[in-house]
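Trainee: So I've got this file, model.cif, and it contains mmCIF, C-alpha atoms:
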data_work
loop_
_atom_site.label_atom_id
_atom_site.label_comp_id
_atom_site.auth_asym_id
_atom_site.auth_seq_id
_atom_site.Cartn_x
_atom_site.Cartn_y
_atom_site.Cartn_z
CA MET A 1 -126.50 -95.94 -74.99
CA THR A 2 -126.19 -95.61 -78.70
CA ASP A 3 -124.08 -97.98 -80.76
CA ALA A 4 -121.57 -95.20 -81.60
CA LYS A 5 -120.96 -94.30 -77.98
CA TRP A 6 -120.54 -97.96 -77.05
CA GLU A 7 -117.99 -98.47 -79.84
CA ARG A 8 -115.95 -95.42 -78.73
CA ARG A 9 -115.84 -96.70 -75.13
CA CYS A 10 -114.69 -100.14 -76.27
CA ASN A 11 -112.01 -98.62 -78.47
CA ARG A 12 -110.64 -96.67 -75.49
CA GLY A 13 -110.37 -99.94 -73.54
CA ARG A 14 -108.38 -101.49 -76.38
CA ALA A 15 -106.00 -98.52 -76.84
CA GLY A 16 -102.17 -99.28 -77.14
CA TYR A 17 -99.32 -98.27 -74.80
CA SER A 18 -98.63 -94.63 -74.32
CA ILE A 19 -95.30 -93.05 -75.32
CA VAL A 20 -94.31 -92.77 -71.66
CA GLU A 21 -94.94 -96.49 -71.13
CA LEU A 22 -92.94 -97.40 -74.23
CA LEU A 23 -90.02 -95.22 -73.14
CA ALA A 24 -90.04 -96.76 -69.67
CA ALA A 25 -90.03 -100.27 -71.18
CA MET A 26 -87.15 -99.36 -73.48
CA VAL A 27 -85.13 -97.98 -70.56
CA ILE A 28 -85.69 -101.17 -68.59
CA PHE A 29 -84.78 -103.33 -71.59
CA VAL A 30 -81.61 -101.33 -72.36
CA GLY A 31 -80.58 -101.52 -68.71
CA PHE A 32 -81.13 -105.27 -68.67
CA LEU A 33 -79.19 -105.67 -71.92
CA ALA A 34 -76.30 -103.57 -70.56
CA ALA A 35 -76.17 -105.70 -67.42
CA VAL A 36 -76.07 -108.89 -69.50
CA MET A 37 -73.32 -107.50 -71.75
CA ALA A 38 -71.29 -106.38 -68.74
CA ALA A 39 -71.59 -109.82 -67.19
CA LEU A 40 -70.53 -111.49 -70.45
CA SER A 41 -67.63 -109.07 -70.80
CA ASP A 42 -66.47 -109.75 -67.24
CA ALA A 43 -66.71 -113.49 -67.88
CA MET A 44 -64.66 -113.20 -71.07
CA VAL A 45 -62.01 -111.08 -69.31
CA GLN A 46 -61.86 -113.55 -66.44
CA ARG A 47 -61.54 -116.44 -68.86
CA GLU A 48 -58.71 -114.69 -70.69
CA VAL A 49 -56.93 -113.90 -67.43
CA GLN A 50 -57.21 -117.47 -66.22
CA GLY A 51 -56.06 -118.86 -69.57
CA THR A 52 -53.11 -116.48 -69.80
CA TYR A 53 -52.06 -117.16 -66.23
CA ALA A 54 -52.26 -120.93 -66.74
CA LEU A 55 -50.12 -120.62 -69.88
CA MET A 56 -47.56 -118.48 -68.02
CA GLN A 57 -47.39 -120.99 -65.20
CA MET A 58 -46.95 -123.91 -67.57
CA ASP A 59 -44.19 -122.16 -69.54
CA ALA A 60 -42.35 -121.00 -66.41
CA ARG A 61 -42.39 -124.42 -64.76
CA ARG A 62 -41.27 -126.12 -67.96
CA ALA A 63 -38.39 -123.64 -68.21
CA LEU A 64 -37.49 -124.21 -64.56
CA ASP A 65 -37.42 -127.99 -65.08
CA ARG A 66 -35.29 -127.65 -68.21
CA ILE A 67 -32.73 -125.38 -66.55
CA SER A 68 -32.65 -127.41 -63.34
CA SER A 69 -31.92 -130.67 -65.13
CA GLU A 70 -28.86 -129.22 -66.84
CA LEU A 71 -27.54 -127.29 -63.84
CA ARG A 72 -27.89 -130.44 -61.76
CA MET A 73 -25.21 -132.02 -63.97
CA SER A 74 -22.85 -129.08 -63.54
CA GLY A 75 -20.40 -128.47 -60.71
CA ARG A 76 -18.18 -125.94 -59.02
CA ILE A 77 -14.87 -126.00 -60.90
CA PRO A 78 -11.91 -123.62 -61.29
CA ASN A 79 -11.72 -121.50 -64.40
CA PRO A 80 -9.05 -122.64 -66.88
CA ALA A 81 -7.94 -119.01 -67.18
CA PRO A 82 -5.74 -118.15 -64.17
CA GLY A 83 -7.19 -115.46 -61.94
CA GLN A 84 -10.67 -115.66 -63.47
CA PRO A 85 -13.82 -116.52 -61.46
CA GLU A 86 -14.66 -120.19 -61.16
CA TYR A 87 -17.75 -121.90 -62.52
CA PRO A 88 -20.65 -121.44 -62.10
CA TYR A 89 -20.21 -117.74 -62.85
CA THR A 90 -23.12 -115.32 -62.32
CA PHE A 91 -23.31 -111.86 -63.87
CA VAL A 92 -25.81 -108.99 -63.71
CA ASN A 93 -27.89 -107.65 -66.63
CA GLY A 94 -25.72 -109.18 -69.33
CA GLY A 95 -22.51 -107.67 -67.94
CA ALA A 96 -20.27 -110.73 -68.19
CA LEU A 97 -16.60 -109.88 -67.54
CA GLY A 98 -13.18 -111.41 -68.04
CA VAL A 99 -13.10 -114.56 -70.15
CA TYR A 100 -16.91 -114.59 -70.11
CA ASN A 101 -17.07 -111.17 -71.77
CA HIS A 102 -17.23 -112.26 -75.40
CA PRO A 103 -19.41 -115.39 -75.23
CA SER A 104 -21.92 -114.31 -72.61
CA ARG A 105 -22.11 -110.50 -72.61
CA HIS A 106 -25.27 -108.86 -74.02
CA GLU A 107 -27.51 -105.81 -73.68
CA PRO A 108 -29.74 -105.71 -70.58
CA ALA A 109 -33.29 -106.96 -71.03
CA ALA A 110 -36.12 -104.41 -71.14
CA LYS A 111 -38.42 -103.71 -68.19
CA HIS A 112 -42.19 -103.88 -68.63
CA VAL A 113 -43.40 -103.66 -65.02
CA GLY A 114 -42.93 -100.96 -62.40
CA PRO A 115 -40.59 -100.90 -59.39
CA GLU A 116 -43.43 -101.95 -57.09
CA SER A 117 -43.36 -105.41 -58.69
CA PRO A 118 -41.10 -108.29 -57.53
CA ALA A 119 -40.44 -108.87 -61.22
CA PHE A 120 -38.71 -105.50 -61.41
CA GLY A 121 -35.00 -105.61 -60.67
CA ASP A 122 -31.64 -106.86 -61.87
CA ASN A 123 -31.30 -110.07 -63.79
CA ARG A 124 -28.58 -112.38 -62.51
CA GLU A 125 -27.64 -114.75 -65.31
CA ILE A 126 -25.29 -117.72 -65.25
CA ALA A 127 -22.49 -119.39 -67.19
CA PHE A 128 -21.34 -122.90 -66.32
CA ARG A 129 -19.91 -126.11 -67.72
CA ILE A 130 -21.25 -129.63 -67.91
CA PRO A 131 -19.54 -133.03 -68.03
CA ALA A 132 -18.58 -134.31 -71.48
CA ASP A 133 -16.87 -137.40 -72.89
CA ILE A 134 -13.71 -135.60 -73.95
CA ASP A 135 -11.50 -138.68 -74.46
CA GLY A 136 -14.17 -140.65 -76.32
CA ASP A 137 -14.24 -143.66 -74.02
CA GLY A 138 -18.00 -143.48 -73.50
CA LEU A 139 -17.64 -142.13 -69.95
CA LEU A 140 -17.81 -138.66 -68.42
CA THR A 141 -14.64 -139.34 -66.45
CA SER A 142 -11.08 -139.36 -67.74
CA SER A 143 -9.67 -142.80 -68.44
CA ALA A 144 -6.28 -141.48 -67.35
CA THR A 145 -7.19 -139.72 -64.10
CA GLY A 146 -10.68 -140.94 -63.24
CA LYS A 147 -11.80 -137.34 -62.76
CA ILE A 148 -14.77 -135.67 -64.38
CA GLU A 149 -14.18 -134.32 -67.87
CA TRP A 150 -15.77 -130.95 -68.57
CA CYS A 151 -16.96 -129.48 -71.88
CA ASP A 152 -14.68 -126.87 -73.43
CA TYR A 153 -17.44 -124.27 -74.01
CA ASP A 154 -19.57 -122.04 -71.82
CA VAL A 155 -23.22 -122.91 -71.34
CA ALA A 156 -25.24 -119.85 -70.33
CA TYR A 157 -28.83 -118.97 -69.56
CA VAL A 158 -29.55 -115.34 -70.41
CA LEU A 159 -32.53 -113.02 -70.74
CA VAL A 160 -32.66 -110.90 -73.88
CA THR A 161 -35.25 -108.63 -75.50
CA GLY A 162 -36.27 -109.48 -79.05
CA ALA A 163 -37.13 -107.13 -81.89
CA ASP A 164 -40.79 -107.57 -80.92
CA GLY A 165 -40.07 -106.20 -77.46
CA ILE A 166 -40.70 -109.53 -75.73
CA ASN A 167 -38.20 -110.75 -73.16
CA THR A 168 -36.98 -114.24 -74.01
CA LEU A 169 -35.04 -116.67 -71.85
CA GLU A 170 -32.42 -118.38 -74.01
CA ARG A 171 -29.75 -121.05 -73.70
CA TRP A 172 -26.39 -120.17 -75.24
CA GLU A 173 -23.20 -122.04 -75.97
CA ASP A 174 -20.24 -119.65 -76.26
CA GLY A 175 -22.57 -116.79 -77.11
CA GLU A 176 -24.60 -118.65 -79.75
CA ARG A 177 -28.25 -119.36 -79.07
CA THR A 178 -29.07 -123.06 -79.01
CA ASP A 179 -32.61 -122.95 -77.60
CA VAL A 180 -35.43 -120.60 -76.71
CA ILE A 181 -36.45 -121.69 -73.23
CA ALA A 182 -39.41 -119.37 -72.55
CA ARG A 183 -40.94 -116.07 -73.65
CA TYR A 184 -42.46 -113.33 -71.51
CA VAL A 185 -39.87 -113.85 -68.77
CA GLU A 186 -39.54 -110.48 -67.06
CA ARG A 187 -36.70 -111.35 -64.73
CA ILE A 188 -34.46 -114.28 -63.81
CA THR A 189 -31.96 -114.73 -60.99
CA PHE A 190 -29.40 -117.42 -60.23
CA ASP A 191 -27.92 -117.23 -56.75
CA THR A 192 -24.96 -119.20 -55.41
CA ILE A 193 -22.78 -118.98 -52.32
CA ASP A 194 -20.91 -116.23 -54.17
CA THR A 195 -24.00 -113.98 -54.15
CA ASP A 196 -25.65 -115.25 -50.95
CA PRO A 197 -23.45 -116.76 -48.21
CA THR A 198 -26.43 -118.61 -46.73
CA ILE A 199 -26.66 -120.87 -49.81
CA ASP A 200 -24.90 -124.24 -49.72
CA MET A 201 -21.58 -124.54 -51.57
CA ASN A 202 -23.00 -126.82 -54.27
CA SER A 203 -26.48 -125.29 -54.54
CA ILE A 204 -28.03 -122.82 -56.98
CA VAL A 205 -31.29 -120.97 -56.25
CA ILE A 206 -33.27 -120.17 -59.40
CA ASN A 207 -36.08 -117.59 -59.56
CA ILE A 208 -38.12 -117.00 -62.70
CA TYR A 209 -40.50 -114.02 -62.81
CA ALA A 210 -42.94 -114.03 -65.72
CA ALA A 211 -45.04 -111.06 -66.87
CA ARG A 212 -47.45 -111.09 -69.79
CA PRO A 213 -50.08 -108.59 -70.99
CA THR A 214 -53.69 -109.52 -71.64
CA ALA A 215 -55.74 -108.19 -74.55
CA MET A 216 -57.16 -105.63 -72.09
CA GLY A 217 -53.67 -104.25 -71.48
CA VAL A 218 -53.37 -105.65 -67.96
CA TRP A 219 -50.03 -107.23 -67.05
CA LEU A 220 -50.24 -110.58 -65.28
CA GLU A 221 -47.29 -111.69 -63.15
CA MET A 222 -46.13 -114.88 -61.51
CA GLN A 223 -43.01 -116.39 -59.94
CA VAL A 224 -41.59 -119.91 -59.74
CA TRP A 225 -38.39 -120.95 -57.99
CA THR A 226 -36.36 -123.97 -56.97
CA VAL A 227 -33.04 -125.01 -55.46
CA VAL A 228 -30.70 -127.15 -57.55
CA ASN A 229 -27.89 -129.21 -56.07
CA MET A 230 -24.95 -129.62 -58.44
CA ARG A 231 -23.86 -133.27 -58.56
CA ASN A 232 -20.50 -133.28 -60.24
CA THR A 233 -18.22 -130.95 -58.30
CA ASP A 234 -14.72 -132.39 -58.12
CA GLY A 235 -12.60 -129.26 -57.96
CA LEU A 236 -10.48 -129.98 -61.03
CA VAL A 237 -10.67 -129.39 -64.76
CA THR A 238 -9.07 -131.90 -67.09
CA PRO A 239 -6.49 -130.42 -69.50
CA ALA A 240 -8.51 -131.63 -72.49
CA ALA A 241 -11.51 -129.55 -71.38
CA SER A 242 -9.55 -126.33 -70.95
CA GLY A 243 -9.30 -123.38 -73.30
CA ILE A 244 -12.31 -121.11 -73.42
#
Go through the file and emit its structure as structure tokens.
Mentor:
Amino acid sequence: MTDAKWERRCNRGRAGYSIVELLAAMVIFVGFLAAVMAALSDAMVQREVQGTYALMQMDARRALDRISSELRMSGRIPNPAPGQPEYPYTFVNGGALGVYNHPSRHEPAAKHVGPESPAFGDNREIAFRIPADIDGDGLLTSSATGKIEWCDYDVAYVLVTGADGINTLERWEDGERTDVIARYVERITFDTIDTDPTIDMNSIVINIYAARPTAMGVWLEMQVWTVVNMRNTDGLVTPAASGI
């Protein structure tokens, strides 16, 4: 065999990949890369969902604890205005009536979830009163009568929609916001014996439904609830605490 023929045969043995082989390799590589990216994307979405849900749960439970601690100090008392509902007073979708009309009435909160969700439905908000040292003797009871003294303003927890479209749970005193309790609250209900006859006379059942969108546009939902027993019911309002 001549040297030229031998060189041509060796060159054929050292030839590179064919176009078909290169295309097949590229397809395999692109498929592998797509699978890796999809896995990373799923992991990021899952991480966001878990983080958002944990934040919702923390905010909702903190709000529930805050509301419970104040309602626990309240009590069932007659309204100073004759013929008006007693405290605590619950009202639906901001529709406070009677003497509660001015301080507690507001526009209904917006809905962000569909009717198939437990978070969809009427809000039942609440107005109540808490003990206060009206006569300045350092006690929450009257030095003259020994009975509980009650504040002369309405405390209310209401759900309103802000200019940014987010539903916010707020604490009001006579219609003025004192605190933002939680954001992304889709629905809240306060139930008493007046709305559910199976509830104890001095108990309030609180349900908070939170709903928050993720960056992917998926709405996450959760619910927390508790039962609060009012401690200071005495059935009377001191004259000094009257006058809404």
Trainee: I'd like the residues picked by the PyMOL selection byres ((chain A and resi 199-212) around 7) written out as a PyMOL selection string, using the chain letters and numbers from the file.
Mentor: chain A and resi 56+60+76+119+184-193+196-198+213-214+219-230
Trainee: Hey, which of A:Ala215, A:Ala127, A:Ala132, A:Ala81 ends up closest to Ile67 in chain A? Count only C-alpha atoms.
Mentor: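 Ranked by minimum distance to Ile67 in chain A, first place goes to A:Ala127.
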Trainee: If I take CA of Ile166 in chain A and CA of Ala110 in chain A, how far is one from the other in Å, to one decimal?
Mentor: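 Computing it gives 8.3 Å between the two atoms.
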Trainee: Give me the residues within 8 Å of range 171-178 of chain A as a list in words, counting all atoms listed in the file and dropping any in the same chain fewer than 3 places off.
Mentor: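 The residues satisfying every condition are His102, Pro103, Ser104, Arg105, Tyr153, Asp154, Val155, Ala156, Tyr157, Val158 and Ile181 of chain A.
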Trainee: Could you list, as a PyMOL selection string, every residue within 12 Å of Gly162 in chain A, counting all atoms listed in the file and ignoring same-chain residues fewer than 2 positions away?
Mentor: chain A and resi 107-110+159-160+164-170+180+183-185
Trainee: Write to file, as a PDB file, in the coordinates of the input, the residues of the selection just made, with C-alpha atoms.
Mentor:
ATOM      1  CA  GLU A 107     -27.510-105.810 -73.680  1.00  0.00           C
ATOM      2  CA  PRO A 108     -29.740-105.710 -70.580  1.00  0.00           C
ATOM      3  CA  ALA A 109     -33.290-106.960 -71.030  1.00  0.00           C
ATOM      4  CA  ALA A 110     -36.120-104.410 -71.140  1.00  0.00           C
ATOM      5  CA  LEU A 159     -32.530-113.020 -70.740  1.00  0.00           C
ATOM      6  CA  VAL A 160     -32.660-110.900 -73.880  1.00  0.00           C
ATOM      7  CA  ASP A 164     -40.790-107.570 -80.920  1.00  0.00           C
ATOM      8  CA  GLY A 165     -40.070-106.200 -77.460  1.00  0.00           C
ATOM      9  CA  ILE A 166     -40.700-109.530 -75.730  1.00  0.00           C
ATOM     10  CA  ASN A 167     -38.200-110.750 -73.160  1.00  0.00           C
ATOM     11  CA  THR A 168     -36.980-114.240 -74.010  1.00  0.00           C
ATOM     12  CA  LEU A 169     -35.040-116.670 -71.850  1.00  0.00           C
ATOM     13  CA  GLU A 170     -32.420-118.380 -74.010  1.00  0.00           C
ATOM     14  CA  VAL A 180     -35.430-120.600 -76.710  1.00  0.00           C
ATOM     15  CA  ARG A 183     -40.940-116.070 -73.650  1.00  0.00           C
ATOM     16  CA  TYR A 184     -42.460-113.330 -71.510  1.00  0.00           C
ATOM     17  CA  VAL A 185     -39.870-113.850 -68.770  1.00  0.00           C
TER      18      VAL A 185
END
